[in-house]
$ cat upload13.pdb   # PDB, N, CA and C atoms
ATOM      1  N   MET A   1      13.294   3.358  26.396
ATOM      2  CA  MET A   1      14.518   3.119  25.656
ATOM      3  C   MET A   1      14.354   3.685  24.246
ATOM      4  N   VAL A   2      15.378   4.385  23.780
ATOM      5  CA  VAL A   2      15.414   4.916  22.417
ATOM      6  C   VAL A   2      16.724   4.501  21.773
ATOM      7  N   SER A   3      16.699   4.348  20.456
ATOM      8  CA  SER A   3      17.927   3.965  19.759
ATOM      9  C   SER A   3      17.929   4.534  18.353
ATOM     10  N   LYS A   4      19.108   4.584  17.791
ATOM     11  CA  LYS A   4      19.268   5.067  16.416
ATOM     12  C   LYS A   4      20.558   4.491  15.860
ATOM     13  N   ILE A   5      20.525   4.138  14.594
ATOM     14  CA  ILE A   5      21.739   3.687  13.917
ATOM     15  C   ILE A   5      22.381   4.894  13.260
ATOM     16  N   VAL A   6      23.669   5.068  13.521
ATOM     17  CA  VAL A   6      24.420   6.190  12.967
ATOM     18  C   VAL A   6      25.633   5.659  12.213
ATOM     19  N   GLU A   7      26.180   6.517  11.382
ATOM     20  CA  GLU A   7      27.379   6.179  10.621
ATOM     21  C   GLU A   7      28.515   7.108  11.037
ATOM     22  N   VAL A   8      29.710   6.547  11.156
ATOM     23  CA  VAL A   8      30.888   7.356  11.462
ATOM     24  C   VAL A   8      31.257   8.100  10.179
ATOM     25  N   LYS A   9      31.116   9.427  10.215
ATOM     26  CA  LYS A   9      31.314  10.236   9.012
ATOM     27  C   LYS A   9      32.662  10.943   8.956
ATOM     28  N   ASN A  10      33.372  11.027  10.076
ATOM     29  CA  ASN A  10      34.673  11.684  10.014
ATOM     30  C   ASN A  10      35.705  10.691   9.481
ATOM     31  N   GLU A  11      36.556  11.172   8.593
ATOM     32  CA  GLU A  11      37.470  10.309   7.853
ATOM     33  C   GLU A  11      38.442   9.533   8.724
ATOM     34  N   ALA A  12      38.796  10.060   9.862
ATOM     35  CA  ALA A  12      39.744   9.373  10.744
ATOM     36  C   ALA A  12      39.063   8.327  11.626
ATOM     37  N   GLY A  13      37.756   8.212  11.528
ATOM     38  CA  GLY A  13      37.034   7.248  12.348
ATOM     39  C   GLY A  13      36.842   7.765  13.759
ATOM     40  N   LEU A  14      36.456   6.870  14.624
ATOM     41  CA  LEU A  14      36.181   7.235  16.017
ATOM     42  C   LEU A  14      37.457   7.020  16.839
ATOM     43  N   HIS A  15      38.485   7.815  16.553
ATOM     44  CA  HIS A  15      39.761   7.718  17.249
ATOM     45  C   HIS A  15      39.678   8.426  18.597
ATOM     46  N   ALA A  16      40.782   8.675  19.231
ATOM     47  CA  ALA A  16      40.817   9.161  20.619
ATOM     48  C   ALA A  16      40.035  10.455  20.863
ATOM     49  N   ARG A  17      40.240  11.483  20.042
ATOM     50  CA  ARG A  17      39.561  12.755  20.311
ATOM     51  C   ARG A  17      38.047  12.646  20.168
ATOM     52  N   PRO A  18      37.509  12.130  19.059
ATOM     53  CA  PRO A  18      36.056  12.032  18.985
ATOM     54  C   PRO A  18      35.473  11.056  20.010
ATOM     55  N   ALA A  19      36.201  10.009  20.335
ATOM     56  CA  ALA A  19      35.725   9.086  21.371
ATOM     57  C   ALA A  19      35.615   9.810  22.706
ATOM     58  N   SER A  20      36.594  10.650  23.002
ATOM     59  CA  SER A  20      36.570  11.429  24.234
ATOM     60  C   SER A  20      35.397  12.408  24.257
ATOM     61  N   VAL A  21      35.162  13.066  23.125
ATOM     62  CA  VAL A  21      34.040  14.006  23.019
ATOM     63  C   VAL A  21      32.720  13.263  23.210
ATOM     64  N   LEU A  22      32.611  12.091  22.605
ATOM     65  CA  LEU A  22      31.403  11.274  22.721
ATOM     66  C   LEU A  22      31.129  10.883  24.173
ATOM     67  N   VAL A  23      32.144  10.366  24.853
ATOM     68  CA  VAL A  23      31.989   9.938  26.250
ATOM     69  C   VAL A  23      31.650  11.124  27.142
ATOM     70  N   LYS A  24      32.324  12.239  26.925
ATOM     71  CA  LYS A  24      32.068  13.436  27.732
ATOM     72  C   LYS A  24      30.628  13.914  27.553
ATOM     73  N   ALA A  25      30.143  13.944  26.315
ATOM     74  CA  ALA A  25      28.775  14.390  26.048
ATOM     75  C   ALA A  25      27.759  13.435  26.668
ATOM     76  N   ALA A  26      27.957  12.138  26.489
ATOM     77  CA  ALA A  26      27.013  11.146  27.014
ATOM     78  C   ALA A  26      26.995  11.133  28.537
ATOM     79  N   SER A  27      28.125  11.409  29.142
ATOM     80  CA  SER A  27      28.229  11.369  30.602
ATOM     81  C   SER A  27      27.482  12.513  31.281
ATOM     82  N   ARG A  28      27.079  13.511  30.526
ATOM     83  CA  ARG A  28      26.287  14.609  31.094
ATOM     84  C   ARG A  28      24.863  14.172  31.416
ATOM     85  N   TYR A  29      24.462  13.020  30.901
ATOM     86  CA  TYR A  29      23.094  12.542  31.074
ATOM     87  C   TYR A  29      23.039  11.361  32.029
ATOM     88  N   LYS A  30      21.889  11.206  32.676
ATOM     89  CA  LYS A  30      21.702  10.121  33.635
ATOM     90  C   LYS A  30      21.415   8.786  32.958
ATOM     91  N   SER A  31      20.867   8.825  31.770
ATOM     92  CA  SER A  31      20.478   7.597  31.072
ATOM     93  C   SER A  31      21.672   6.679  30.828
ATOM     94  N   ASP A  32      21.407   5.381  30.866
ATOM     95  CA  ASP A  32      22.416   4.398  30.473
ATOM     96  C   ASP A  32      22.632   4.520  28.974
ATOM     97  N   PHE A  33      23.856   4.294  28.532
ATOM     98  CA  PHE A  33      24.206   4.446  27.120
ATOM     99  C   PHE A  33      24.985   3.228  26.662
ATOM    100  N   THR A  34      24.433   2.539  25.674
ATOM    101  CA  THR A  34      25.080   1.358  25.104
ATOM    102  C   THR A  34      25.303   1.592  23.624
ATOM    103  N   ILE A  35      26.456   1.162  23.141
ATOM    104  CA  ILE A  35      26.753   1.201  21.709
ATOM    105  C   ILE A  35      26.897  -0.243  21.243
ATOM    106  N   LYS A  36      26.176  -0.575  20.168
ATOM    107  CA  LYS A  36      26.280  -1.912  19.574
ATOM    108  C   LYS A  36      26.872  -1.777  18.186
ATOM    109  N   MET A  37      27.884  -2.625  17.933
ATOM    110  CA  MET A  37      28.556  -2.597  16.638
ATOM    111  C   MET A  37      29.217  -3.938  16.401
ATOM    112  N   TYR A  38      29.040  -4.491  15.220
ATOM    113  CA  TYR A  38      29.667  -5.759  14.834
ATOM    114  C   TYR A  38      29.424  -6.871  15.857
ATOM    115  N   GLY A  39      28.251  -6.885  16.471
ATOM    116  CA  GLY A  39      27.918  -7.926  17.433
ATOM    117  C   GLY A  39      28.424  -7.678  18.842
ATOM    118  N   TYR A  40      29.122  -6.576  19.054
ATOM    119  CA  TYR A  40      29.633  -6.217  20.379
ATOM    120  C   TYR A  40      28.753  -5.134  20.984
ATOM    121  N   SER A  41      28.668  -5.135  22.298
ATOM    122  CA  SER A  41      27.983  -4.069  23.039
ATOM    123  C   SER A  41      28.959  -3.493  24.041
ATOM    124  N   VAL A  42      29.061  -2.166  24.068
ATOM    125  CA  VAL A  42      29.952  -1.516  25.031
ATOM    126  C   VAL A  42      29.212  -0.391  25.735
ATOM    127  N   ASN A  43      29.704  -0.035  26.897
ATOM    128  CA  ASN A  43      29.191   1.110  27.642
ATOM    129  C   ASN A  43      29.681   2.369  26.925
ATOM    130  N   GLY A  44      28.750   3.164  26.421
ATOM    131  CA  GLY A  44      29.104   4.373  25.686
ATOM    132  C   GLY A  44      29.650   5.489  26.550
ATOM    133  N   LYS A  45      29.641   5.297  27.869
ATOM    134  CA  LYS A  45      30.211   6.293  28.776
ATOM    135  C   LYS A  45      31.607   5.886  29.229
ATOM    136  N   SER A  46      32.136   4.835  28.640
ATOM    137  CA  SER A  46      33.472   4.341  28.970
ATOM    138  C   SER A  46      34.403   4.590  27.789
ATOM    139  N   ILE A  47      35.431   5.396  27.990
ATOM    140  CA  ILE A  47      36.379   5.682  26.913
ATOM    141  C   ILE A  47      37.049   4.396  26.436
ATOM    142  N   LEU A  48      37.368   3.507  27.353
ATOM    143  CA  LEU A  48      37.999   2.240  26.979
ATOM    144  C   LEU A  48      37.037   1.404  26.126
ATOM    145  N   GLY A  49      35.763   1.362  26.532
ATOM    146  CA  GLY A  49      34.777   0.620  25.757
ATOM    147  C   GLY A  49      34.635   1.158  24.351
ATOM    148  N   VAL A  50      34.520   2.463  24.233
ATOM    149  CA  VAL A  50      34.355   3.090  22.919
ATOM    150  C   VAL A  50      35.592   2.860  22.061
ATOM    151  N   MET A  51      36.764   2.982  22.635
ATOM    152  CA  MET A  51      38.006   2.797  21.878
ATOM    153  C   MET A  51      38.167   1.358  21.389
ATOM    154  N   THR A  52      37.669   0.391  22.156
ATOM    155  CA  THR A  52      37.819  -1.008  21.737
ATOM    156  C   THR A  52      37.019  -1.320  20.479
ATOM    157  N   LEU A  53      36.027  -0.509  20.159
ATOM    158  CA  LEU A  53      35.261  -0.737  18.938
ATOM    159  C   LEU A  53      36.094  -0.465  17.687
ATOM    160  N   ALA A  54      37.089   0.395  17.794
ATOM    161  CA  ALA A  54      37.941   0.764  16.655
ATOM    162  C   ALA A  54      37.089   1.100  15.433
ATOM    163  N   ALA A  55      36.098   1.947  15.627
ATOM    164  CA  ALA A  55      35.151   2.291  14.562
ATOM    165  C   ALA A  55      35.817   3.146  13.496
ATOM    166  N   GLU A  56      35.851   2.623  12.289
ATOM    167  CA  GLU A  56      36.479   3.321  11.182
ATOM    168  C   GLU A  56      35.446   4.133  10.404
ATOM    169  N   TYR A  57      35.932   4.945   9.491
ATOM    170  CA  TYR A  57      35.060   5.743   8.624
ATOM    171  C   TYR A  57      34.051   4.826   7.948
ATOM    172  N   GLY A  58      32.784   5.212   7.986
ATOM    173  CA  GLY A  58      31.733   4.439   7.343
ATOM    174  C   GLY A  58      31.099   3.364   8.209
ATOM    175  N   ALA A  59      31.679   3.109   9.371
ATOM    176  CA  ALA A  59      31.123   2.086  10.256
ATOM    177  C   ALA A  59      29.745   2.512  10.754
ATOM    178  N   GLU A  60      28.858   1.546  10.876
ATOM    179  CA  GLU A  60      27.532   1.818  11.427
ATOM    180  C   GLU A  60      27.447   1.237  12.821
ATOM    181  N   MET A  61      26.828   1.998  13.707
ATOM    182  CA  MET A  61      26.653   1.529  15.078
ATOM    183  C   MET A  61      25.287   1.952  15.584
ATOM    184  N   GLU A  62      24.772   1.182  16.520
ATOM    185  CA  GLU A  62      23.493   1.512  17.124
ATOM    186  C   GLU A  62      23.741   2.165  18.468
ATOM    187  N   LEU A  63      23.163   3.337  18.656
ATOM    188  CA  LEU A  63      23.256   4.061  19.919
ATOM    189  C   LEU A  63      21.964   3.811  20.683
ATOM    190  N   ILE A  64      22.073   3.367  21.925
ATOM    191  CA  ILE A  64      20.892   3.037  22.724
ATOM    192  C   ILE A  64      20.973   3.775  24.054
ATOM    193  N   PHE A  65      19.951   4.563  24.354
ATOM    194  CA  PHE A  65      19.852   5.249  25.636
ATOM    195  C   PHE A  65      18.628   4.744  26.366
ATOM    196  N   ASP A  66      18.765   4.590  27.676
ATOM    197  CA  ASP A  66      17.653   4.127  28.494
ATOM    198  C   ASP A  66      17.661   4.886  29.813
ATOM    199  N   GLY A  67      16.644   5.718  30.016
ATOM    200  CA  GLY A  67      16.558   6.478  31.255
ATOM    201  C   GLY A  67      15.685   7.709  31.104
ATOM    202  N   ASP A  68      15.647   8.498  32.150
ATOM    203  CA  ASP A  68      14.757   9.663  32.204
ATOM    204  C   ASP A  68      15.038  10.713  31.135
ATOM    205  N   ASP A  69      16.302  10.888  30.762
ATOM    206  CA  ASP A  69      16.655  11.924  29.784
ATOM    207  C   ASP A  69      17.127  11.327  28.455
ATOM    208  N   GLU A  70      16.623  10.144  28.139
ATOM    209  CA  GLU A  70      17.089   9.392  26.970
ATOM    210  C   GLU A  70      16.908  10.131  25.646
ATOM    211  N   GLU A  71      15.798  10.808  25.467
ATOM    212  CA  GLU A  71      15.543  11.515  24.197
ATOM    213  C   GLU A  71      16.564  12.628  23.966
ATOM    214  N   GLU A  72      16.788  13.423  24.995
ATOM    215  CA  GLU A  72      17.746  14.532  24.892
ATOM    216  C   GLU A  72      19.162  14.007  24.687
ATOM    217  N   ALA A  73      19.508  12.948  25.402
ATOM    218  CA  ALA A  73      20.850  12.360  25.281
ATOM    219  C   ALA A  73      21.077  11.836  23.866
ATOM    220  N   LEU A  74      20.099  11.126  23.328
ATOM    221  CA  LEU A  74      20.236  10.587  21.976
ATOM    222  C   LEU A  74      20.401  11.717  20.967
ATOM    223  N   LYS A  75      19.597  12.757  21.096
ATOM    224  CA  LYS A  75      19.682  13.896  20.168
ATOM    225  C   LYS A  75      21.082  14.509  20.197
ATOM    226  N   THR A  76      21.623  14.719  21.385
ATOM    227  CA  THR A  76      22.946  15.320  21.526
ATOM    228  C   THR A  76      24.023  14.468  20.861
ATOM    229  N   VAL A  77      23.992  13.185  21.112
ATOM    230  CA  VAL A  77      25.027  12.294  20.582
ATOM    231  C   VAL A  77      24.888  12.120  19.066
ATOM    232  N   VAL A  78      23.668  12.019  18.572
ATOM    233  CA  VAL A  78      23.468  11.910  17.121
ATOM    234  C   VAL A  78      24.009  13.154  16.422
ATOM    235  N   GLU A  79      23.820  14.322  17.019
ATOM    236  CA  GLU A  79      24.353  15.559  16.434
ATOM    237  C   GLU A  79      25.877  15.518  16.337
ATOM    238  N   LEU A  80      26.538  14.910  17.298
ATOM    239  CA  LEU A  80      27.996  14.769  17.227
ATOM    240  C   LEU A  80      28.393  13.988  15.977
ATOM    241  N   PHE A  81      27.710  12.881  15.736
ATOM    242  CA  PHE A  81      28.013  12.075  14.552
ATOM    243  C   PHE A  81      27.695  12.835  13.274
ATOM    244  N   GLU A  82      26.566  13.510  13.245
ATOM    245  CA  GLU A  82      26.166  14.264  12.047
ATOM    246  C   GLU A  82      27.162  15.379  11.729
ATOM    247  N   ASN A  83      27.735  15.990  12.755
ATOM    248  CA  ASN A  83      28.696  17.084  12.581
ATOM    249  C   ASN A  83      30.141  16.606  12.513
ATOM    250  N   LYS A  84      30.337  15.302  12.399
ATOM    251  CA  LYS A  84      31.672  14.697  12.303
ATOM    252  C   LYS A  84      32.555  15.070  13.493
ATOM    253  N   PHE A  85      31.938  15.332  14.631
ATOM    254  CA  PHE A  85      32.643  15.683  15.870
ATOM    255  C   PHE A  85      33.448  16.967  15.741
ATOM    256  N   ASN A  86      33.138  17.793  14.757
ATOM    257  CA  ASN A  86      33.852  19.060  14.550
ATOM    258  C   ASN A  86      33.241  20.169  15.392
ATOM    259  N   ASN A  87      34.111  21.065  15.832
ATOM    260  CA  ASN A  87      33.697  22.281  16.540
ATOM    261  C   ASN A  87      32.824  22.010  17.755
ATOM    262  N   GLN A  88      33.120  20.978  18.481
ATOM    263  CA  GLN A  88      32.337  20.650  19.666
ATOM    264  C   GLN A  88      33.033  21.182  20.906
ATOM    265  N   GLN A  89      32.386  22.075  21.569
ATOM    266  CA  GLN A  89      32.899  22.640  22.808
ATOM    267  C   GLN A  89      32.026  22.141  23.957
ATOM    268  N   LEU A  90      32.491  21.131  24.637
ATOM    269  CA  LEU A  90      31.703  20.541  25.721
ATOM    270  C   LEU A  90      32.310  20.848  27.063
TER     271      LEU A  90
END
$ encode --input "upload13.pdb" --output "structure tokens"
Amino acid sequence: MVSKIVEVKNEAGLHARPASVLVKAASRYKSDFTIKMYGYSVNGKSILGVMTLAAEYGAEMELIFDGDDEEEALKTVVELFENKFNNQQL
């Protein structure tokens, strides 16, 4: 299991488009993906789960991957946050 705390850096927060990009990227990997924020845990491969977090600009969340490709999956998803979900062609 690997995890990292990230911050939502895009000004509009984790709205529909970045949430969709996040789920699509995470779903390419076999590892389980959990997002923890404000005491809630959601399946990071579920668009509904991610949207229910209503993560605004500046929000911090913990990304947790568990599985055979966990390191690669975490790296990919962290890069999305670092790049503010811009210019992502998945």
$ select_by_dssp --input "upload13.pdb" --residues "chain A" --states "helix (DSSP H, G or I)" --output "tab-separated table (two decimals) with N, CA and C atoms, keeping the file's coordinate frame"
chain	number	residue	atom	x	y	z
A	16	ALA	N	40.78	8.68	19.23
A	16	ALA	CA	40.82	9.16	20.62
A	16	ALA	C	40.03	10.46	20.86
A	17	ARG	N	40.24	11.48	20.04
A	17	ARG	CA	39.56	12.76	20.31
A	17	ARG	C	38.05	12.65	20.17
A	18	PRO	N	37.51	12.13	19.06
A	18	PRO	CA	36.06	12.03	18.98
A	18	PRO	C	35.47	11.06	20.01
A	19	ALA	N	36.20	10.01	20.34
A	19	ALA	CA	35.72	9.09	21.37
A	19	ALA	C	35.62	9.81	22.71
A	20	SER	N	36.59	10.65	23.00
A	20	SER	CA	36.57	11.43	24.23
A	20	SER	C	35.40	12.41	24.26
A	21	VAL	N	35.16	13.07	23.12
A	21	VAL	CA	34.04	14.01	23.02
A	21	VAL	C	32.72	13.26	23.21
A	22	LEU	N	32.61	12.09	22.60
A	22	LEU	CA	31.40	11.27	22.72
A	22	LEU	C	31.13	10.88	24.17
A	23	VAL	N	32.14	10.37	24.85
A	23	VAL	CA	31.99	9.94	26.25
A	23	VAL	C	31.65	11.12	27.14
A	24	LYS	N	32.32	12.24	26.92
A	24	LYS	CA	32.07	13.44	27.73
A	24	LYS	C	30.63	13.91	27.55
A	25	ALA	N	30.14	13.94	26.32
A	25	ALA	CA	28.78	14.39	26.05
A	25	ALA	C	27.76	13.44	26.67
A	26	ALA	N	27.96	12.14	26.49
A	26	ALA	CA	27.01	11.15	27.01
A	26	ALA	C	27.00	11.13	28.54
A	47	ILE	N	35.43	5.40	27.99
A	47	ILE	CA	36.38	5.68	26.91
A	47	ILE	C	37.05	4.40	26.44
A	48	LEU	N	37.37	3.51	27.35
A	48	LEU	CA	38.00	2.24	26.98
A	48	LEU	C	37.04	1.40	26.13
A	49	GLY	N	35.76	1.36	26.53
A	49	GLY	CA	34.78	0.62	25.76
A	49	GLY	C	34.64	1.16	24.35
A	50	VAL	N	34.52	2.46	24.23
A	50	VAL	CA	34.35	3.09	22.92
A	50	VAL	C	35.59	2.86	22.06
A	51	MET	N	36.76	2.98	22.64
A	51	MET	CA	38.01	2.80	21.88
A	51	MET	C	38.17	1.36	21.39
A	52	THR	N	37.67	0.39	22.16
A	52	THR	CA	37.82	-1.01	21.74
A	52	THR	C	37.02	-1.32	20.48
A	70	GLU	N	16.62	10.14	28.14
A	70	GLU	CA	17.09	9.39	26.97
A	70	GLU	C	16.91	10.13	25.65
A	71	GLU	N	15.80	10.81	25.47
A	71	GLU	CA	15.54	11.52	24.20
A	71	GLU	C	16.56	12.63	23.97
A	72	GLU	N	16.79	13.42	25.00
A	72	GLU	CA	17.75	14.53	24.89
A	72	GLU	C	19.16	14.01	24.69
A	73	ALA	N	19.51	12.95	25.40
A	73	ALA	CA	20.85	12.36	25.28
A	73	ALA	C	21.08	11.84	23.87
A	74	LEU	N	20.10	11.13	23.33
A	74	LEU	CA	20.24	10.59	21.98
A	74	LEU	C	20.40	11.72	20.97
A	75	LYS	N	19.60	12.76	21.10
A	75	LYS	CA	19.68	13.90	20.17
A	75	LYS	C	21.08	14.51	20.20
A	76	THR	N	21.62	14.72	21.38
A	76	THR	CA	22.95	15.32	21.53
A	76	THR	C	24.02	14.47	20.86
A	77	VAL	N	23.99	13.18	21.11
A	77	VAL	CA	25.03	12.29	20.58
A	77	VAL	C	24.89	12.12	19.07
A	78	VAL	N	23.67	12.02	18.57
A	78	VAL	CA	23.47	11.91	17.12
A	78	VAL	C	24.01	13.15	16.42
A	79	GLU	N	23.82	14.32	17.02
A	79	GLU	CA	24.35	15.56	16.43
A	79	GLU	C	25.88	15.52	16.34
A	80	LEU	N	26.54	14.91	17.30
A	80	LEU	CA	28.00	14.77	17.23
A	80	LEU	C	28.39	13.99	15.98
A	81	PHE	N	27.71	12.88	15.74
A	81	PHE	CA	28.01	12.08	14.55
A	81	PHE	C	27.70	12.84	13.27
A	82	GLU	N	26.57	13.51	13.24
A	82	GLU	CA	26.17	14.26	12.05
A	82	GLU	C	27.16	15.38	11.73
$ residues_around --input "upload13.pdb" --residues "Ser20 in chain A" --least-positions-apart "5" --cutoff "9 Å" --atoms "only C-alpha atoms" --output "ChimeraX atom specification"
/A:15,25,47,50
$ residues_around --input "upload13.pdb" --residues "range 58-66 of chain A" --least-positions-apart "5" --cutoff "7 Å" --atoms "only N, CA and C atoms" --output "count of residues only"
24
$ residues_around --input "upload13.pdb" --residues "Ala26 in chain A" --least-positions-apart "5" --cutoff "7 Å" --atoms "only N, CA and C atoms" --output "PDB file with N, CA and C atoms, in the coordinates of the input"
ATOM      1  N   VAL A  21      35.162  13.066  23.125  1.00  0.00           N
ATOM      2  CA  VAL A  21      34.040  14.006  23.019  1.00  0.00           C
ATOM      3  C   VAL A  21      32.720  13.263  23.210  1.00  0.00           C
ATOM      4  N   GLY A  44      28.750   3.164  26.421  1.00  0.00           N
ATOM      5  CA  GLY A  44      29.104   4.373  25.686  1.00  0.00           C
ATOM      6  C   GLY A  44      29.650   5.489  26.550  1.00  0.00           C
ATOM      7  N   LYS A  45      29.641   5.297  27.869  1.00  0.00           N
ATOM      8  CA  LYS A  45      30.211   6.293  28.776  1.00  0.00           C
ATOM      9  C   LYS A  45      31.607   5.886  29.229  1.00  0.00           C
ATOM     10  N   ALA A  73      19.508  12.948  25.402  1.00  0.00           N
ATOM     11  CA  ALA A  73      20.850  12.360  25.281  1.00  0.00           C
ATOM     12  C   ALA A  73      21.077  11.836  23.866  1.00  0.00           C
ATOM     13  N   VAL A  77      23.992  13.185  21.112  1.00  0.00           N
ATOM     14  CA  VAL A  77      25.027  12.294  20.582  1.00  0.00           C
ATOM     15  C   VAL A  77      24.888  12.120  19.066  1.00  0.00           C
TER      16      VAL A  77
END
$ closest_residue --input "upload13.pdb" --among "A:Leu53, A:Gly67, A:Val42, A:Phe85" --to "Arg17 in chain A" --atoms "all atoms listed in the file"
A:Phe85
$ select_by_dssp --input "upload13.pdb" --residues "chain A" --states "strand (DSSP E or B)" --output "MDAnalysis selection string"
chainID A and resid 2:7 32:37 40:43 60:66
$ atom_distance --input "upload13.pdb" --atom1 "atom C of Leu80 in chain A" --atom2 "atom N of Arg28 in chain A"
14.6 Å
$ closest_residue --input "upload13.pdb" --among "A:Leu48, A:Asn86, A:Tyr29, A:Ala55" --to "Glu72 in chain A" --atoms "only C-alpha atoms"
A:Tyr29
$ atom_distance --input "upload13.pdb" --atom1 "atom N of Tyr40 in chain A" --atom2 "CA of Phe81 in chain A"
19.2 Å
$ atom_distance --input "upload13.pdb" --atom1 "CA of Ala12 in chain A" --atom2 "CA of Ser27 in chain A"
23.0 Å
$ closest_residue --input "upload13.pdb" --among "A:Asp69, A:Lys84, A:Ala16, A:Lys75" --to "Met51 in chain A" --atoms "only N, CA and C atoms"
A:Ala16
$ decode --input "upload13.pdb" --residues "range 22-38 of chain A" --atoms "N, CA and C atoms" --output "mmCIF file, in the first residue's frame"
data_model
loop_
_atom_site.group_PDB
_atom_site.id
_atom_site.type_symbol
_atom_site.label_atom_id
_atom_site.label_comp_id
_atom_site.auth_asym_id
_atom_site.auth_seq_id
_atom_site.Cartn_x
_atom_site.Cartn_y
_atom_site.Cartn_z
ATOM 1 N N LEU A 22 -9.569 12.034 -13.445
ATOM 2 C CA LEU A 22 -8.999 11.281 -12.328
ATOM 3 C C LEU A 22 -9.467 9.826 -12.337
ATOM 4 N N VAL A 23 -10.772 9.621 -12.458
ATOM 5 C CA VAL A 23 -11.337 8.264 -12.460
ATOM 6 C C VAL A 23 -10.832 7.474 -13.660
ATOM 7 N N LYS A 24 -10.794 8.112 -14.815
ATOM 8 C CA LYS A 24 -10.323 7.436 -16.028
ATOM 9 C C LYS A 24 -8.866 7.001 -15.875
ATOM 10 N N ALA A 25 -8.019 7.877 -15.342
ATOM 11 C CA ALA A 25 -6.605 7.548 -15.160
ATOM 12 C C ALA A 25 -6.432 6.419 -14.148
ATOM 13 N N ALA A 26 -7.124 6.503 -13.022
ATOM 14 C CA ALA A 26 -6.995 5.486 -11.973
ATOM 15 C C ALA A 26 -7.525 4.133 -12.429
ATOM 16 N N SER A 27 -8.534 4.146 -13.266
ATOM 17 C CA SER A 27 -9.153 2.900 -13.722
ATOM 18 C C SER A 27 -8.261 2.107 -14.672
ATOM 19 N N ARG A 28 -7.207 2.717 -15.171
ATOM 20 C CA ARG A 28 -6.260 1.996 -16.029
ATOM 21 C C ARG A 28 -5.413 1.011 -15.233
ATOM 22 N N TYR A 29 -5.431 1.137 -13.914
ATOM 23 C CA TYR A 29 -4.596 0.304 -13.057
ATOM 24 C C TYR A 29 -5.429 -0.713 -12.294
ATOM 25 N N LYS A 30 -4.791 -1.826 -11.946
ATOM 26 C CA LYS A 30 -5.474 -2.894 -11.222
ATOM 27 C C LYS A 30 -5.612 -2.596 -9.734
ATOM 28 N N SER A 31 -4.727 -1.791 -9.202
ATOM 29 C CA SER A 31 -4.726 -1.507 -7.765
ATOM 30 C C SER A 31 -6.034 -0.867 -7.310
ATOM 31 N N ASP A 32 -6.425 -1.185 -6.085
ATOM 32 C CA ASP A 32 -7.559 -0.505 -5.460
ATOM 33 C C ASP A 32 -7.149 0.930 -5.179
ATOM 34 N N PHE A 33 -8.095 1.847 -5.283
ATOM 35 C CA PHE A 33 -7.811 3.271 -5.103
ATOM 36 C C PHE A 33 -8.843 3.875 -4.168
ATOM 37 N N THR A 34 -8.358 4.408 -3.056
ATOM 38 C CA THR A 34 -9.225 5.055 -2.072
ATOM 39 C C THR A 34 -8.777 6.491 -1.898
ATOM 40 N N ILE A 35 -9.743 7.386 -1.784
ATOM 41 C CA ILE A 35 -9.461 8.789 -1.480
ATOM 42 C C ILE A 35 -10.075 9.082 -0.115
ATOM 43 N N LYS A 36 -9.259 9.661 0.770
ATOM 44 C CA LYS A 36 -9.746 10.064 2.093
ATOM 45 C C LYS A 36 -9.676 11.574 2.194
ATOM 46 N N MET A 37 -10.800 12.149 2.655
ATOM 47 C CA MET A 37 -10.877 13.599 2.791
ATOM 48 C C MET A 37 -11.947 13.938 3.807
ATOM 49 N N TYR A 38 -11.638 14.830 4.725
ATOM 50 C CA TYR A 38 -12.594 15.294 5.736
ATOM 51 C C TYR A 38 -13.267 14.141 6.484
#
